[in-house]
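Colleague: One file is attached below, model.cif, containing mmCIF, C-alpha atoms.
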data_data
loop_
_atom_site.group_PDB
_atom_site.id
_atom_site.type_symbol
_atom_site.label_atom_id
_atom_site.label_comp_id
_atom_site.auth_asym_id
_atom_site.auth_seq_id
_atom_site.Cartn_x
_atom_site.Cartn_y
_atom_site.Cartn_z
ATOM 1 C CA LEU B 1297 102.918 123.977 100.841
ATOM 2 C CA LYS B 1298 100.619 122.745 103.605
ATOM 3 C CA LEU B 1299 97.499 124.139 101.914
ATOM 4 C CA ALA B 1300 98.493 122.807 98.496
ATOM 5 C CA TYR B 1301 99.107 119.353 99.953
ATOM 6 C CA GLN B 1302 95.775 119.327 101.787
ATOM 7 C CA GLN B 1303 93.897 120.470 98.712
ATOM 8 C CA ALA B 1304 95.539 117.793 96.575
ATOM 9 C CA VAL B 1305 94.515 115.096 99.057
ATOM 10 C CA ILE B 1306 90.895 116.127 99.509
ATOM 11 C CA ALA B 1307 90.416 116.742 95.774
ATOM 12 C CA ALA B 1308 90.973 113.050 94.978
ATOM 13 C CA SER B 1309 87.684 111.499 93.834
ATOM 14 C CA SER B 1310 88.659 108.147 95.369
ATOM 15 C CA LEU B 1311 89.354 109.570 98.850
ATOM 16 C CA LEU B 1312 87.841 107.350 101.559
ATOM 17 C CA GLY B 1313 88.928 109.318 104.589
ATOM 18 C CA TYR B 1314 91.165 112.164 105.715
ATOM 19 C CA TRP B 1315 91.553 112.214 109.484
ATOM 20 C CA LYS B 1316 93.586 114.988 111.074
ATOM 21 C CA LEU B 1317 93.096 113.499 114.570
ATOM 22 C CA ASN B 1318 93.162 117.027 115.941
ATOM 23 C CA GLU B 1319 89.827 117.113 117.750
ATOM 24 C CA THR B 1320 89.056 116.986 121.443
ATOM 25 C CA VAL B 1321 87.831 113.722 122.896
ATOM 26 C CA GLY B 1322 84.174 112.868 122.420
ATOM 27 C CA ALA B 1323 81.879 109.959 121.578
ATOM 28 C CA THR B 1324 83.439 109.643 118.130
ATOM 29 C CA GLN B 1325 86.381 111.014 116.206
ATOM 30 C CA ALA B 1326 84.889 112.796 113.204
ATOM 31 C CA VAL B 1327 86.354 112.570 109.738
ATOM 32 C CA ASP B 1328 87.646 115.772 108.158
ATOM 33 C CA TYR B 1329 86.806 114.574 104.641
ATOM 34 C CA GLY B 1330 85.155 111.367 103.479
ATOM 35 C CA PRO B 1331 82.288 109.290 104.928
ATOM 36 C CA TYR B 1332 83.933 107.456 107.816
ATOM 37 C CA GLY B 1333 84.538 108.487 111.403
ATOM 38 C CA PHE B 1334 85.993 106.533 114.315
ATOM 39 C CA THR B 1335 84.634 105.258 117.575
ATOM 40 C CA LEU B 1336 87.011 105.565 120.487
ATOM 41 C CA GLY B 1337 88.186 101.972 121.042
ATOM 42 C CA GLY B 1338 88.731 100.485 124.520
ATOM 43 C CA VAL B 1339 90.869 103.446 125.561
ATOM 44 C CA PRO B 1340 91.132 106.448 123.228
ATOM 45 C CA PRO B 1341 94.453 108.106 122.431
ATOM 46 C CA THR B 1342 95.281 111.465 123.955
ATOM 47 C CA PHE B 1343 93.949 114.191 121.682
ATOM 48 C CA GLY B 1344 95.273 117.735 121.610
ATOM 49 C CA ALA B 1345 98.929 116.689 121.673
ATOM 50 C CA THR B 1346 101.668 118.897 120.231
ATOM 51 C CA ALA B 1347 101.590 119.490 116.474
ATOM 52 C CA LEU B 1348 103.961 117.150 114.622
ATOM 53 C CA LYS B 1349 105.013 119.540 111.866
ATOM 54 C CA SER B 1350 105.928 123.223 112.153
ATOM 55 C CA THR B 1351 104.155 123.833 108.823
ATOM 56 C CA ASP B 1352 100.885 122.507 110.253
ATOM 57 C CA PRO B 1353 99.701 123.939 113.605
ATOM 58 C CA ALA B 1354 96.982 121.285 114.039
ATOM 59 C CA THR B 1355 97.334 119.134 117.136
ATOM 60 C CA SER B 1356 97.940 115.386 116.990
ATOM 61 C CA ALA B 1357 96.770 112.222 118.766
ATOM 62 C CA THR B 1358 99.213 110.351 120.998
ATOM 63 C CA PHE B 1359 98.929 106.568 121.450
ATOM 64 C CA ASN B 1360 100.465 105.182 124.657
ATOM 65 C CA GLY B 1361 101.591 101.799 123.312
ATOM 66 C CA THR B 1362 99.552 99.987 125.976
ATOM 67 C CA ASP B 1363 95.809 100.177 125.265
ATOM 68 C CA ASP B 1364 95.002 103.151 122.980
ATOM 69 C CA GLU B 1365 93.273 102.544 119.625
ATOM 70 C CA LEU B 1366 90.671 103.811 117.168
ATOM 71 C CA HIS B 1367 87.988 101.777 115.346
ATOM 72 C CA ILE B 1368 86.292 102.843 112.148
ATOM 73 C CA VAL B 1369 82.507 102.528 112.117
ATOM 74 C CA THR B 1370 79.847 103.330 109.541
ATOM 75 C CA GLY B 1371 76.279 102.022 109.568
ATOM 76 C CA GLY B 1372 77.117 99.610 112.371
ATOM 77 C CA THR B 1373 80.045 97.964 110.617
ATOM 78 C CA GLN B 1374 83.673 98.403 111.534
ATOM 79 C CA ASN B 1375 84.941 97.604 108.066
ATOM 80 C CA PRO B 1376 83.142 99.201 105.091
ATOM 81 C CA SER B 1377 83.769 97.325 101.854
ATOM 82 C CA GLU B 1378 85.505 100.347 100.311
ATOM 83 C CA LEU B 1379 88.504 99.600 102.545
ATOM 84 C CA TRP B 1380 89.172 96.291 100.802
ATOM 85 C CA GLY B 1381 88.292 94.646 97.494
ATOM 86 C CA ASN B 1382 90.284 97.286 95.622
ATOM 87 C CA THR B 1383 93.194 96.898 93.247
ATOM 88 C CA GLU B 1384 94.748 100.155 94.425
ATOM 89 C CA LEU B 1385 95.394 101.631 97.888
ATOM 90 C CA THR B 1386 97.250 104.661 99.231
ATOM 91 C CA VAL B 1387 97.810 105.372 102.923
ATOM 92 C CA MET B 1388 99.561 108.505 104.142
ATOM 93 C CA GLY B 1389 100.072 110.509 107.291
ATOM 94 C CA VAL B 1390 102.536 111.988 109.767
ATOM 95 C CA ILE B 1391 103.960 109.736 112.479
ATOM 96 C CA LYS B 1392 106.282 110.266 115.414
ATOM 97 C CA MET B 1393 107.401 107.091 117.166
ATOM 98 C CA SER B 1394 108.202 107.853 120.801
ATOM 99 C CA ALA B 1395 109.616 104.420 121.627
ATOM 100 C CA VAL B 1396 110.619 101.093 120.130
ATOM 101 C CA PRO B 1397 107.820 98.505 120.440
ATOM 102 C CA GLY B 1398 108.507 95.691 122.893
ATOM 103 C CA THR B 1399 108.526 92.006 122.011
ATOM 104 C CA ALA B 1400 105.331 92.413 119.942
ATOM 105 C CA SER B 1401 104.912 94.470 116.807
ATOM 106 C CA ALA B 1402 102.991 97.757 116.741
ATOM 107 C CA GLN B 1403 100.340 98.418 114.106
ATOM 108 C CA VAL B 1404 100.105 101.955 112.769
ATOM 109 C CA ILE B 1405 97.022 101.363 110.602
ATOM 110 C CA GLY B 1406 95.471 98.370 108.924
ATOM 111 C CA ASN B 1407 92.788 95.769 108.441
ATOM 112 C CA ILE B 1408 94.030 92.621 110.152
ATOM 113 C CA GLU B 1409 92.096 90.051 112.184
ATOM 114 C CA SER B 1410 94.895 89.414 114.663
ATOM 115 C CA ALA B 1411 98.630 88.920 114.782
ATOM 116 C CA GLY B 1412 98.230 85.364 113.471
ATOM 117 C CA GLY B 1413 94.881 85.646 111.703
ATOM 118 C CA THR B 1414 93.545 86.899 108.403
ATOM 119 C CA MET B 1415 95.345 89.940 107.067
ATOM 120 C CA SER B 1416 93.972 92.264 104.424
ATOM 121 C CA TRP B 1417 96.600 95.017 104.642
ATOM 122 C CA SER B 1418 98.675 96.552 107.393
ATOM 123 C CA LEU B 1419 101.400 99.075 108.117
ATOM 124 C CA TRP B 1420 103.355 98.164 111.247
ATOM 125 C CA VAL B 1421 106.678 98.194 113.083
ATOM 126 C CA PRO B 1422 107.901 94.655 113.935
ATOM 127 C CA GLY B 1423 109.359 95.567 117.348
ATOM 128 C CA GLY B 1424 111.443 93.414 119.614
ATOM 129 C CA GLY B 1425 114.689 95.312 119.048
ATOM 130 C CA GLY B 1426 117.641 94.146 117.006
ATOM 131 C CA THR B 1427 118.686 94.855 113.435
ATOM 132 C CA GLY B 1428 115.699 95.267 111.147
ATOM 133 C CA GLN B 1429 113.212 94.907 113.982
ATOM 134 C CA THR B 1430 112.319 98.584 114.316
ATOM 135 C CA ARG B 1431 111.778 99.187 110.614
ATOM 136 C CA LEU B 1432 108.420 99.905 109.018
ATOM 137 C CA THR B 1433 106.710 97.033 107.204
ATOM 138 C CA PHE B 1434 103.824 97.325 104.712
ATOM 139 C CA ARG B 1435 101.933 94.182 103.674
ATOM 140 C CA VAL B 1436 99.016 93.692 101.296
ATOM 141 C CA VAL B 1437 97.244 90.372 100.618
ATOM 142 C CA SER B 1438 95.896 90.395 97.070
ATOM 143 C CA GLY B 1439 95.855 86.954 95.489
ATOM 144 C CA ALA B 1440 99.354 86.594 96.928
ATOM 145 C CA THR B 1441 101.008 88.196 99.950
ATOM 146 C CA TYR B 1442 103.254 91.165 99.207
ATOM 147 C CA THR B 1443 105.481 92.403 102.012
ATOM 148 C CA LEU B 1444 107.698 95.455 101.745
ATOM 149 C CA ASN B 1445 110.001 95.355 104.780
ATOM 150 C CA ASN B 1446 113.402 96.540 105.975
ATOM 151 C CA LEU B 1447 112.281 100.105 105.398
ATOM 152 C CA PRO B 1448 114.109 102.905 107.267
ATOM 153 C CA ASP B 1449 113.932 102.984 111.055
ATOM 154 C CA ILE B 1450 111.611 105.775 112.223
ATOM 155 C CA THR B 1451 111.684 105.053 115.968
ATOM 156 C CA ASP B 1452 113.736 108.220 116.429
ATOM 157 C CA ASN B 1453 111.140 110.456 118.154
ATOM 158 C CA VAL B 1454 111.084 112.682 115.059
ATOM 159 C CA ALA B 1455 107.983 113.387 112.953
ATOM 160 C CA HIS B 1456 108.025 111.806 109.487
ATOM 161 C CA HIS B 1457 105.609 112.056 106.574
ATOM 162 C CA ILE B 1458 104.953 108.556 105.231
ATOM 163 C CA VAL B 1459 103.143 107.299 102.125
ATOM 164 C CA ALA B 1460 102.438 103.654 101.244
ATOM 165 C CA THR B 1461 100.897 102.729 97.883
ATOM 166 C CA PHE B 1462 99.672 99.476 96.371
ATOM 167 C CA LYS B 1463 98.657 98.858 92.766
ATOM 168 C CA ALA B 1464 97.784 95.378 91.522
ATOM 169 C CA SER B 1465 99.860 94.094 88.586
ATOM 170 C CA ASP B 1466 102.301 96.913 89.229
ATOM 171 C CA THR B 1467 104.094 97.764 92.485
ATOM 172 C CA ILE B 1468 104.003 98.492 96.184
ATOM 173 C CA GLU B 1469 105.937 101.673 96.934
ATOM 174 C CA PHE B 1470 106.880 103.396 100.164
ATOM 175 C CA TRP B 1471 107.937 107.023 100.682
ATOM 176 C CA ILE B 1472 109.339 108.722 103.778
ATOM 177 C CA ASP B 1473 109.671 112.523 103.875
ATOM 178 C CA GLY B 1474 109.287 112.726 100.104
ATOM 179 C CA VAL B 1475 111.920 110.093 99.304
ATOM 180 C CA ARG B 1476 111.003 106.693 97.850
ATOM 181 C CA VAL B 1477 112.642 104.110 100.107
ATOM 182 C CA GLY B 1478 111.174 100.843 98.855
ATOM 183 C CA THR B 1479 109.414 99.198 95.922
ATOM 184 C CA LEU B 1480 108.132 95.682 95.198
ATOM 185 C CA ALA B 1481 106.483 94.207 92.094
ATOM 186 C CA THR B 1482 102.925 92.866 92.509
ATOM 187 C CA GLY B 1483 100.639 90.511 90.599
ATOM 188 C CA ALA B 1484 96.942 90.701 89.797
ATOM 189 C CA GLY B 1485 94.111 90.526 92.320
ATOM 190 C CA ALA B 1486 92.019 92.711 94.614
ATOM 191 C CA ILE B 1487 92.816 93.209 98.306
ATOM 192 C CA ILE B 1488 91.119 90.525 100.417
ATOM 193 C CA ASP B 1489 88.906 91.259 103.423
ATOM 194 C CA ALA B 1490 89.423 90.635 107.127
ATOM 195 C CA PRO B 1491 85.880 91.523 108.310
ATOM 196 C CA ASN B 1492 85.338 94.211 110.936
ATOM 197 C CA ASN B 1493 88.969 94.635 111.846
ATOM 198 C CA PHE B 1494 90.086 98.080 110.639
ATOM 199 C CA ARG B 1495 92.118 99.835 113.347
ATOM 200 C CA ILE B 1496 94.501 102.701 113.954
ATOM 201 C CA GLY B 1497 97.028 102.189 116.733
ATOM 202 C CA ALA B 1498 96.431 98.465 117.351
ATOM 203 C CA THR B 1499 95.199 95.200 115.845
ATOM 204 C CA SER B 1500 91.623 93.990 116.338
ATOM 205 C CA ASP B 1501 92.553 91.508 119.064
ATOM 206 C CA ASP B 1502 93.443 94.498 121.262
ATOM 207 C CA ALA B 1503 97.155 93.944 120.869
ATOM 208 C CA ARG B 1504 100.134 95.325 118.969
ATOM 209 C CA PHE B 1505 99.673 98.821 120.378
ATOM 210 C CA LEU B 1506 101.488 101.797 118.872
ATOM 211 C CA PRO B 1507 103.760 104.014 121.033
ATOM 212 C CA GLY B 1508 103.689 107.321 119.225
ATOM 213 C CA SER B 1509 101.713 110.205 117.737
ATOM 214 C CA LEU B 1510 99.757 110.512 114.492
ATOM 215 C CA SER B 1511 98.194 113.293 112.474
#
Go ahead and render the structure in this file as structure tokens.
Modeller:
Amino acid sequence: LKLAYQQAVIAASSLLGYWKLNETVGATQAVDYGPYGFTLGGVPPTFGATALKSTDPATSATFNGTDDELHIVTGGTQNPSELWGNTELTVMGVIKMSAVPGTASAQVIGNIESAGGTMSWSLWVPGGGGTGQTRLTFRVVSGATYTLNNLPDITDNVAHHIVATFKASDTIEFWIDGVRVGTLATGAGAIIDAPNNFRIGATSDDARFLPGSLS
């Protein structure tokens, strides 16, 4: 199953990046497939952490929720145009949330200028505790703002496979462990840009840090 899944992902002609995050620390975090690698932002996550799935022995990267993050860079830019301007987007991975974010939200992955600035697209956990405040949220800005929230709580210290999809003039859908848990109708329009702000584990203003592991 693991091999079939990996082959299906890397066979996609529209694949922009497939990062296992299973390398040792270095100057950059190389991409497994696709053209884009990562620089190690202010403080890199801890690489070589325990594998998140028993079916995949590859190690993971653990983000401490305080200052760890990854920046994408290619040709001197932190936000290649392929990551926005599209009418379709799919983001997937394995995540294990080790704690509930504090008063601020925690970004898993996205292209957002800051917590209150321009947003292109983002997958995050609102944080702050309380009902609905530890649930995944997926937002895409494409002519209008589409927000799929109140998704299942994954701050349970258990690894989950997540998939978020966006298709203009169709739907946003979200899947957790192979089960569709949310859907929202969308209108026309390509995803807008928030220049040079693509991050994993935080937002570009060095905030909203993720407490958990990714692979």
Colleague: Rank B:Val1396, B:Ala1357, B:Ala1481, B:Ala1498 by their smallest atom-to-atom distance to Leu1419 of chain B, using all atoms listed in the file, and report the top residue only.
Modeller: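 Among B:Val1396, B:Ala1357, B:Ala1481, B:Ala1498, it is B:Ala1498 that comes nearest to Leu1419 of chain B.
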Colleague: To one decimal place, how far is atom CA of His1457 of chain B from atom CA of Ile1391 of chain B in Å?
Modeller: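 Computing the Euclidean distance for atom CA of His1457 of chain B and atom CA of Ile1391 of chain B yields 6.6 Å.
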Colleague: Any idea what the distance is between atom CA of Thr1482 of chain B and atom CA of Met1388 of chain B?
Modeller: 19.8 Å
Colleague: Using the chain letters and numbers from this file, what does the PyMOL selection byres ((chain B and resi 1400-1404) around 8) select? Give the answer as a list in words.
Modeller: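 With the shown file as input, the PyMOL selection byres ((chain B and resi 1400-1404) around 8) matches Gly1361, Pro1397, Gly1398, Thr1399, Ile1405, Gly1406, Ser1418, Leu1419, Trp1420, Val1421, Pro1422, Gly1423, Gly1424, Ile1496, Gly1497, Ala1498, Thr1499, Arg1504, Phe1505, Leu1506 and Pro1507 of chain B.
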Colleague: Find the smallest box with edges along x, y and z containing every listed atom of segment 1461-1477 of chain B, then add 8 Å on each side and report centre and edge lengths in Å to one decimal, as AutoDock Vina command-line options.
Modeller:
--center_x 105.2 --center_y 103.4 --center_z 96.2 --size_x 30.9 --size_y 34.6 --size_z 31.3
Colleague: Quote the spacing between atom CA of Gly1483 of chain B and atom CA of Asn1382 of chain B in Å to one decimal place.
Modeller: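 Between atom CA of Gly1483 of chain B and atom CA of Asn1382 of chain B the gap works out to 13.4 Å.
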Colleague: Could you give me, as a PyMOL selection string, the residues within 10 Å of segment 1478-1480 of chain B, counting all atoms listed in the file and dropping anything in the same chain fewer than 4 positions from it?
Modeller: chain B and resi 1442-1448+1460-1462+1466-1472
Colleague: I would like the residues chosen by the PyMOL selection byres ((chain B and resi 1317) around 8) on the shown file; could you give them as an NGL selection string?
Modeller: :B and (1315-1316 or 1318-1319 or 1325 or 1343 or 1355-1357 or 1510-1511)
Colleague: What residues come out when you apply the PyMOL selection byres ((chain B and resi 1438) around 7) to this file, written as number ranges by chain?
Modeller: B: 1436-1437, 1439-1441, 1485-1488
Colleague: Find the residue from B:Gly1313, B:Ser1500, B:Asn1360, B:Val1387 that sits nearest to Val1459 of chain B; use all atoms listed in the file when measuring.
Modeller: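 Closest to Val1459 of chain B of all the choices is B:Val1387.
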Colleague: Report as a ChimeraX atom specification all protein, DNA and RNA residues lying within 7 Å of Lys1392 of chain B, evaluated on all atoms listed in the file, omitting residues in the same chain fewer than 3 positions from it.
Modeller: /B:1453-1456,1508-1510
